[in-house]
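*Asks:* Below you will find the structure I want to go over with you.
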Amino acid sequence: MNVSHLKTSARSLSSSVVVGMFDGRRPAPGTSTYARGQSAALAALEFEGKAGQVAVLTAPDGRRIVFVGLGDEVDVELLRQAAGLGRKAVAGADAIATTLHQVGLDGAISATVEGFGLADYRFERYKSTAKTRPELLLELVGGTVDTSDISTALITIDSVNLCRDLVNEPAAAKAPMAIAERLAAIASAGGLAVEIWDSARLGAERMGGMLGVGQGSDRPPALLKLHYRGRRPKAKLALVGKGIVFDSGGLSLKPADMMEAMKDDMAGGAAVAAATIAIASLGLPIEVISFSAFAENLPSGTAQRPGDVLEARNGKTIEVLNTDAEGRLVLADALALAAEAEPDLIVDLATLTGACKIALGPRIAGVFGNDQPAIDRVLAAGAAGGERLWPLPLPADHRPMIDSDVADMKNTGQGRYGGAIAAALLLNEFVGEVPWVHVDIAGPAFLDKAEQYLPKGGTGFGVRTLVELARSFG
Ligand code: BES
Ligand code: ZN
Ligand code: ZN
């Protein structure tokens, strides 16, 4: 997407214009010239300006005017959504003018650009009929525009869309080493320090969780480490992501319908890497180390068996009672590694449990942690970035849920109940005393149905929260 700022619409190249209306058909700043004489037409379409409403009219000069509702009290997220709906209302347009950024809100310019850019995403790599689309031109008409707000929004959009592409990519095309190398190439081009651990190195480094999960696949696991150090960093942040490129369940095989979307099980690993790349590109004054733990969970003659015991990086042992609870096993190693770096905060992102998706639905991520200020900081970052997170409990007295008869812990909980908590309790064993927040993105990483500016399929969830989190230290 290309974005330009025009003082007036005189030089606009767009034949579509997206403008805002508050509830009661009150024109938002910049809208009145487009709304003149359209009252009756808007009323006939029952367009009142409520949040979520969209009406497309044709102006006398032939231009299409898209009215998007902003409701009574607009905030940046509503604006982002309105921009996204506006883009989708004229999905075929290659150039769109808008005045939405003139709404008097802090962050209105970035939110407007993000809404258009995030809604403009399509994954068409495997459509033989796909035409190459020209890049969208977005014209911000009128108002004052700080171009740095445009460039920061474009960086965010690129990283979110990178994450979406990787999630939508079929598992066959993203072997653990291949996806690690693809991200590494992008990260080194952005000036980050990059390391990839192959299976030999993982063995030498005692990464028993990653090796155990990966041993059923012909495509061995790979750990991607990215390191960014901004100027005079205010904090050191460690990010950890679950990167299961395909989760069949392993020998504890999933039923076919539960397996259909399991190419998305690397969404956490992709999100932390994409966010680190964005944070570096923004030049934020922070140090970030990210660990993406890529592996493939398949059944085979070499796969781990229910009842096997593995030893993770920090020496703790885990009885693998269910090979489908594999995310916590790769995270155990990666979290221990992150804790060794002695960061101020560890945040992990993982499509970890069906239980979390049952609890909070497909739009909201669950948040756990061992430190309330850190949890609050991540929740605030989610709100600032337009991603929805909700806290769930991590009760210390529930530790017996994961007691094992033979090892330090087991990788399951008690039956089907409290599954998201059981998983978080296990992760807690690997972070030591470091402040840590775990975000279970099993719901929002992948959607069955498109929303305002979110596509069907991979959403890139978490990237915006992590970028805002990094910003919160500046
Ligand atoms: N990748 C799944 C969790 C998942 C489910 C993500 C649905 C997105 C949508 C995870 O590895 C898993 O299978 N978890 C099991 C754990 C159980 C066997 C203890 C689950 O949640 O059922
Ligand atoms: Zn699983
Ligand atoms: Zn999984």
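The chains in the structure tokens are called A, B, ... from first to last as shown; in each chain the residues are counted from 1, and the ligands are counted from 1 in the order shown.
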Can you list, as a list in words, every protein, DNA or RNA residue that comes within 8 Å of Met259 (chain A) when you count only C-alpha atoms, leaving out same-chain residues fewer than 3 positions away?

*Replies:* Asp247, Ser248, Lys254, Pro255, Ala256 and Met262 of chain A

*Asks:* What residues have any atom no more than 8 Å from ligand 2 when counting only C-alpha atoms and all ligand atoms, and can you list them as a ChimeraX atom specification?

*Replies:* /A:247-250,254,297,323-327,352-353

*Asks:* Give one line per residue of chain A that approaches ligand 1 to at most 9 Å, naming the two atoms of the closest pair and their distance in Å to one decimal, counting only C-alpha atoms and all ligand atoms; sort by chain then ascending residue number and deliver it as JSON lines.

*Replies:*
{"residue": "A:Ile244", "atom": "CA", "partner": "ligand 1", "partner_atom_place_in_ligand_line": "1 (N)", "distance": 7.9}
{"residue": "A:Phe246", "atom": "CA", "partner": "ligand 1", "partner_atom_place_in_ligand_line": "1 (N)", "distance": 8.6}
{"residue": "A:Asp247", "atom": "CA", "partner": "ligand 1", "partner_atom_place_in_ligand_line": "1 (N)", "distance": 6.1}
{"residue": "A:Ser248", "atom": "CA", "partner": "ligand 1", "partner_atom_place_in_ligand_line": "13 (O)", "distance": 8.2}
{"residue": "A:Gly249", "atom": "CA", "partner": "ligand 1", "partner_atom_place_in_ligand_line": "13 (O)", "distance": 6.0}
{"residue": "A:Ser252", "atom": "CA", "partner": "ligand 1", "partner_atom_place_in_ligand_line": "18 (C)", "distance": 7.9}
{"residue": "A:Lys254", "atom": "CA", "partner": "ligand 1", "partner_atom_place_in_ligand_line": "13 (O)", "distance": 7.6}
{"residue": "A:Met258", "atom": "CA", "partner": "ligand 1", "partner_atom_place_in_ligand_line": "7 (C)", "distance": 7.0}
{"residue": "A:Met259", "atom": "CA", "partner": "ligand 1", "partner_atom_place_in_ligand_line": "7 (C)", "distance": 8.5}
{"residue": "A:Ala261", "atom": "CA", "partner": "ligand 1", "partner_atom_place_in_ligand_line": "9 (C)", "distance": 7.5}
{"residue": "A:Met262", "atom": "CA", "partner": "ligand 1", "partner_atom_place_in_ligand_line": "1 (N)", "distance": 6.6}
{"residue": "A:Asp264", "atom": "CA", "partner": "ligand 1", "partner_atom_place_in_ligand_line": "8 (C)", "distance": 7.5}
{"residue": "A:Asp265", "atom": "CA", "partner": "ligand 1", "partner_atom_place_in_ligand_line": "1 (N)", "distance": 5.4}
{"residue": "A:Met266", "atom": "CA", "partner": "ligand 1", "partner_atom_place_in_ligand_line": "1 (N)", "distance": 8.8}
{"residue": "A:Asn297", "atom": "CA", "partner": "ligand 1", "partner_atom_place_in_ligand_line": "11 (O)", "distance": 8.9}
{"residue": "A:Leu321", "atom": "CA", "partner": "ligand 1", "partner_atom_place_in_ligand_line": "18 (C)", "distance": 8.7}
{"residue": "A:Asn322", "atom": "CA", "partner": "ligand 1", "partner_atom_place_in_ligand_line": "18 (C)", "distance": 5.6}
{"residue": "A:Thr323", "atom": "CA", "partner": "ligand 1", "partner_atom_place_in_ligand_line": "18 (C)", "distance": 7.1}
{"residue": "A:Asp324", "atom": "CA", "partner": "ligand 1", "partner_atom_place_in_ligand_line": "13 (O)", "distance": 4.6}
{"residue": "A:Ala325", "atom": "CA", "partner": "ligand 1", "partner_atom_place_in_ligand_line": "16 (C)", "distance": 4.2}
{"residue": "A:Glu326", "atom": "CA", "partner": "ligand 1", "partner_atom_place_in_ligand_line": "11 (O)", "distance": 5.3}
{"residue": "A:Gly327", "atom": "CA", "partner": "ligand 1", "partner_atom_place_in_ligand_line": "11 (O)", "distance": 5.2}
{"residue": "A:Arg328", "atom": "CA", "partner": "ligand 1", "partner_atom_place_in_ligand_line": "11 (O)", "distance": 8.0}
{"residue": "A:Ala350", "atom": "CA", "partner": "ligand 1", "partner_atom_place_in_ligand_line": "6 (C)", "distance": 8.3}
{"residue": "A:Thr351", "atom": "CA", "partner": "ligand 1", "partner_atom_place_in_ligand_line": "6 (C)", "distance": 4.6}
{"residue": "A:Leu352", "atom": "CA", "partner": "ligand 1", "partner_atom_place_in_ligand_line": "3 (C)", "distance": 4.6}
{"residue": "A:Thr353", "atom": "CA", "partner": "ligand 1", "partner_atom_place_in_ligand_line": "21 (O)", "distance": 3.5}
{"residue": "A:Gly354", "atom": "CA", "partner": "ligand 1", "partner_atom_place_in_ligand_line": "21 (O)", "distance": 3.6}
{"residue": "A:Ala355", "atom": "CA", "partner": "ligand 1", "partner_atom_place_in_ligand_line": "21 (O)", "distance": 5.3}
{"residue": "A:Cys356", "atom": "CA", "partner": "ligand 1", "partner_atom_place_in_ligand_line": "21 (O)", "distance": 7.6}
{"residue": "A:Lys357", "atom": "CA", "partner": "ligand 1", "partner_atom_place_in_ligand_line": "9 (C)", "distance": 6.7}
{"residue": "A:Ile358", "atom": "CA", "partner": "ligand 1", "partner_atom_place_in_ligand_line": "7 (C)", "distance": 8.8}
{"residue": "A:Asn411", "atom": "CA", "partner": "ligand 1", "partner_atom_place_in_ligand_line": "19 (C)", "distance": 7.0}
{"residue": "A:Thr412", "atom": "CA", "partner": "ligand 1", "partner_atom_place_in_ligand_line": "19 (C)", "distance": 4.7}
{"residue": "A:Gly413", "atom": "CA", "partner": "ligand 1", "partner_atom_place_in_ligand_line": "19 (C)", "distance": 6.5}
{"residue": "A:Gln414", "atom": "CA", "partner": "ligand 1", "partner_atom_place_in_ligand_line": "19 (C)", "distance": 8.8}
{"residue": "A:Gly415", "atom": "CA", "partner": "ligand 1", "partner_atom_place_in_ligand_line": "19 (C)", "distance": 8.0}
{"residue": "A:Arg416", "atom": "CA", "partner": "ligand 1", "partner_atom_place_in_ligand_line": "19 (C)", "distance": 7.4}
{"residue": "A:Gly419", "atom": "CA", "partner": "ligand 1", "partner_atom_place_in_ligand_line": "19 (C)", "distance": 6.3}
{"residue": "A:Ala420", "atom": "CA", "partner": "ligand 1", "partner_atom_place_in_ligand_line": "21 (O)", "distance": 7.4}
{"residue": "A:Ala422", "atom": "CA", "partner": "ligand 1", "partner_atom_place_in_ligand_line": "19 (C)", "distance": 8.2}
{"residue": "A:Ala423", "atom": "CA", "partner": "ligand 1", "partner_atom_place_in_ligand_line": "19 (C)", "distance": 7.6}
{"residue": "A:Asp440", "atom": "CA", "partner": "ligand 1", "partner_atom_place_in_ligand_line": "6 (C)", "distance": 8.8}
{"residue": "A:Ile441", "atom": "CA", "partner": "ligand 1", "partner_atom_place_in_ligand_line": "8 (C)", "distance": 7.6}
{"residue": "A:Ala442", "atom": "CA", "partner": "ligand 1", "partner_atom_place_in_ligand_line": "8 (C)", "distance": 4.0}
{"residue": "A:Gly443", "atom": "CA", "partner": "ligand 1", "partner_atom_place_in_ligand_line": "8 (C)", "distance": 6.1}
{"residue": "A:Pro444", "atom": "CA", "partner": "ligand 1", "partner_atom_place_in_ligand_line": "8 (C)", "distance": 8.8}
{"residue": "A:Ala445", "atom": "CA", "partner": "ligand 1", "partner_atom_place_in_ligand_line": "8 (C)", "distance": 7.9}
{"residue": "A:Phe446", "atom": "CA", "partner": "ligand 1", "partner_atom_place_in_ligand_line": "8 (C)", "distance": 7.9}

*Asks:* Which of these, A:Glu468, A:Glu48, A:Asp408, A:Asp72, has the shortest distance to Ala278 (chain A) once you count only C-alpha atoms?

*Replies:*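 Checking each of A:Glu468, A:Glu48, A:Asp408, A:Asp72 against Ala278 (chain A), counting only C-alpha atoms, the winner is A:Glu468.
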
*Asks:* Taking into account only C-alpha atoms and all ligand atoms, which residue in the set A:Glu319, A:Asp403, A:Asp106, A:Glu296 is nearest to ligand 3?

*Replies:*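 With only C-alpha atoms and all ligand atoms as the atom set, the closest residue is A:Glu296.
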
*Asks:* Could you check the closest approach to Val113 (chain A) for each of A:Val439, A:Leu137, A:Ala10, A:Ala172 and tell me which residue wins, using only C-alpha atoms?

*Replies:* A:Leu137

*Asks:* Tell me, as a list in words, which residues lie within 12 Å of Ala374 (chain A), counting only C-alpha atoms; anything in the same chain fewer than 6 positions away does not count.

*Replies:* Leu237, Asp344, Leu345, Ile346, Val347, Val367, Phe368, Ala380, Ala381, Pro391, Val434, Pro435, Trp436, Val437, His438, Leu469, Ser472 and Phe473 of chain A

*Asks:* Smallest atom-to-atom distance to Gly190 (chain A): which of A:Gly283, A:Gly203, A:Gly457, A:Gly474, using only C-alpha atoms?

*Replies:*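 Distance minimum relative to Gly190 (chain A) lands on A:Gly283.
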
*Asks:* So which bits of region 222-340 of chain A end up helix (DSSP H, G or I) when you DSSP the backbone, as a PyMOL selection string?

*Replies:* chain A and resi 256-259+262-282+327-340

*Asks:* Only C-alpha atoms, please: the residues just picked out, written as a compact mmCIF listing (two decimals), in the first residue's frame.

*Replies:*
# COMPACT_ATOMS: atom_id res chain seq x y z
CA ALA A 256 -9.75 -35.11 11.07
CA ASP A 257 -11.91 -32.04 11.63
CA MET A 258 -9.71 -30.81 14.48
CA MET A 259 -6.66 -31.13 12.27
CA MET A 262 -3.48 -27.04 12.37
CA LYS A 263 -1.09 -25.40 9.91
CA ASP A 264 -1.82 -22.36 12.12
CA ASP A 265 -0.06 -23.89 15.13
CA MET A 266 3.10 -21.89 14.39
CA ALA A 267 1.27 -18.56 14.69
CA GLY A 268 3.00 -17.66 17.96
CA GLY A 269 6.46 -18.37 16.56
CA ALA A 270 5.75 -16.29 13.47
CA ALA A 271 4.20 -13.45 15.49
CA VAL A 272 7.14 -13.00 17.87
CA ALA A 273 9.61 -13.00 14.97
CA ALA A 274 7.49 -10.61 12.90
CA ALA A 275 7.04 -8.30 15.91
CA THR A 276 10.79 -8.29 16.59
CA ILE A 277 11.42 -7.34 12.97
CA ALA A 278 8.86 -4.50 13.27
CA ILE A 279 10.33 -3.25 16.57
CA ALA A 280 13.80 -3.13 14.98
CA SER A 281 12.48 -1.38 11.91
CA LEU A 282 10.80 1.22 14.16
CA GLY A 327 3.19 -26.85 22.46
CA ARG A 328 4.10 -26.70 26.13
CA LEU A 329 7.00 -29.11 25.47
CA VAL A 330 8.71 -26.91 22.89
CA LEU A 331 7.92 -23.82 24.97
CA ALA A 332 9.48 -25.40 28.05
CA ASP A 333 12.89 -25.38 26.34
CA ALA A 334 12.47 -21.99 24.73
CA LEU A 335 11.24 -20.33 27.94
CA ALA A 336 14.17 -21.77 29.91
CA LEU A 337 16.51 -20.39 27.28
CA ALA A 338 14.80 -16.99 27.42
CA ALA A 339 15.08 -16.93 31.23
CA GLU A 340 18.83 -17.58 30.97

*Asks:* Using only C-alpha atoms, which residues sit within 12 Å of Pro60 (chain A) once same-chain residues fewer than 2 positions away are excluded, as a PDB file with N, CA and C atoms, in the first residue's frame?

*Replies:*
ATOM      1  N   TYR A  34     -18.776  15.817   1.035  1.00  0.00           N
ATOM      2  CA  TYR A  34     -19.212  14.602   0.330  1.00  0.00           C
ATOM      3  C   TYR A  34     -20.660  14.236   0.668  1.00  0.00           C
ATOM      4  N   ALA A  35     -21.120  14.732   1.820  1.00  0.00           N
ATOM      5  CA  ALA A  35     -22.454  14.332   2.303  1.00  0.00           C
ATOM      6  C   ALA A  35     -23.551  15.259   1.786  1.00  0.00           C
ATOM      7  N   ARG A  36     -23.125  16.402   1.246  1.00  0.00           N
ATOM      8  CA  ARG A  36     -24.104  17.389   0.789  1.00  0.00           C
ATOM      9  C   ARG A  36     -25.088  16.758  -0.204  1.00  0.00           C
ATOM     10  N   GLY A  37     -26.375  16.916   0.092  1.00  0.00           N
ATOM     11  CA  GLY A  37     -27.397  16.421  -0.833  1.00  0.00           C
ATOM     12  C   GLY A  37     -27.608  14.913  -0.790  1.00  0.00           C
ATOM     13  N   GLN A  38     -26.923  14.206   0.121  1.00  0.00           N
ATOM     14  CA  GLN A  38     -27.028  12.739   0.141  1.00  0.00           C
ATOM     15  C   GLN A  38     -27.926  12.232   1.263  1.00  0.00           C
ATOM     16  N   LEU A  57     -22.666   5.225  -2.044  1.00  0.00           N
ATOM     17  CA  LEU A  57     -23.484   6.043  -2.944  1.00  0.00           C
ATOM     18  C   LEU A  57     -22.620   6.496  -4.118  1.00  0.00           C
ATOM     19  N   THR A  58     -23.286   6.883  -5.188  1.00  0.00           N
ATOM     20  CA  THR A  58     -22.545   7.425  -6.326  1.00  0.00           C
ATOM     21  C   THR A  58     -22.791   8.933  -6.384  1.00  0.00           C
ATOM     22  N   GLY A  62     -19.778  10.855 -10.522  1.00  0.00           N
ATOM     23  CA  GLY A  62     -19.483   9.448 -10.810  1.00  0.00           C
ATOM     24  C   GLY A  62     -18.620   8.762  -9.763  1.00  0.00           C
ATOM     25  N   ARG A  63     -18.045   9.572  -8.843  1.00  0.00           N
ATOM     26  CA  ARG A  63     -17.224   8.933  -7.816  1.00  0.00           C
ATOM     27  C   ARG A  63     -18.089   8.132  -6.843  1.00  0.00           C
ATOM     28  N   ARG A  64     -17.529   7.051  -6.324  1.00  0.00           N
ATOM     29  CA  ARG A  64     -18.254   6.305  -5.294  1.00  0.00           C
ATOM     30  C   ARG A  64     -17.884   6.864  -3.924  1.00  0.00           C
ATOM     31  N   ILE A  65     -18.920   7.186  -3.162  1.00  0.00           N
ATOM     32  CA  ILE A  65     -18.689   7.697  -1.814  1.00  0.00           C
ATOM     33  C   ILE A  65     -19.109   6.615  -0.830  1.00  0.00           C
TER      34      ILE A  65
END

*Asks:* With only C-alpha atoms as the counted atoms, please give the residues lying no more than 8 Å from Ala83 (chain A), apart from itself and same-chain residues fewer than 6 positions off, as a ChimeraX atom specification.

*Replies:* /A:18,68,100,112-113,115-116,453

*Asks:* Determine the nearest neighbour of ligand 3 from the options A:Met401, A:Met409, A:Val213, A:Ala93, counting only C-alpha atoms and all ligand atoms.

*Replies:*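 Closest candidate: A:Val213.
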
*Asks:* Pick out the closest residue to Tyr121 (chain A) from this set: A:Asn168, A:Asn370, A:Ser188, A:Gln215. Count only C-alpha atoms.

*Replies:*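 Closest to Tyr121 (chain A) of all the choices is A:Asn168.
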
*Asks:* Neighbouring residues of region 140-157 of chain A were defined as those with any atom within 9 Å, considering only C-alpha atoms; residues of the same chain fewer than 4 positions away were excluded. Please report them as a PyMOL selection string.

*Replies:* chain A and resi 1-9+12+29-30+96-102+107+109-114+117-118+161-162+275+278-279+281-282+463-464+467

*Asks:* In Å to one decimal, how far is CA of Asp165 (chain A) from CA of Glu287 (chain A)?

*Replies:*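 Separation between CA of Glu287 (chain A) and CA of Asp165 (chain A): 26.1 Å.
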
*Asks:* For a test of reading the model, state the distance in Å between CA of Val54 (chain A) and CA of Arg133 (chain A), rounded to one decimal.

*Replies:*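 Taking CA of Val54 (chain A) as the start and CA of Arg133 (chain A) as the end point, the length is 24.2 Å.
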
*Asks:* Would you give me, as a VMD selection string, the residues in region 238-466 of chain A that DSSP reads as strand (DSSP E or B)?

*Replies:* chain A and resid 238 to 247 287 to 297 308 to 311 317 to 320 345 to 350 365 to 369 389 to 391 409 to 410 414 417 436 to 440 446 to 447 457 to 458
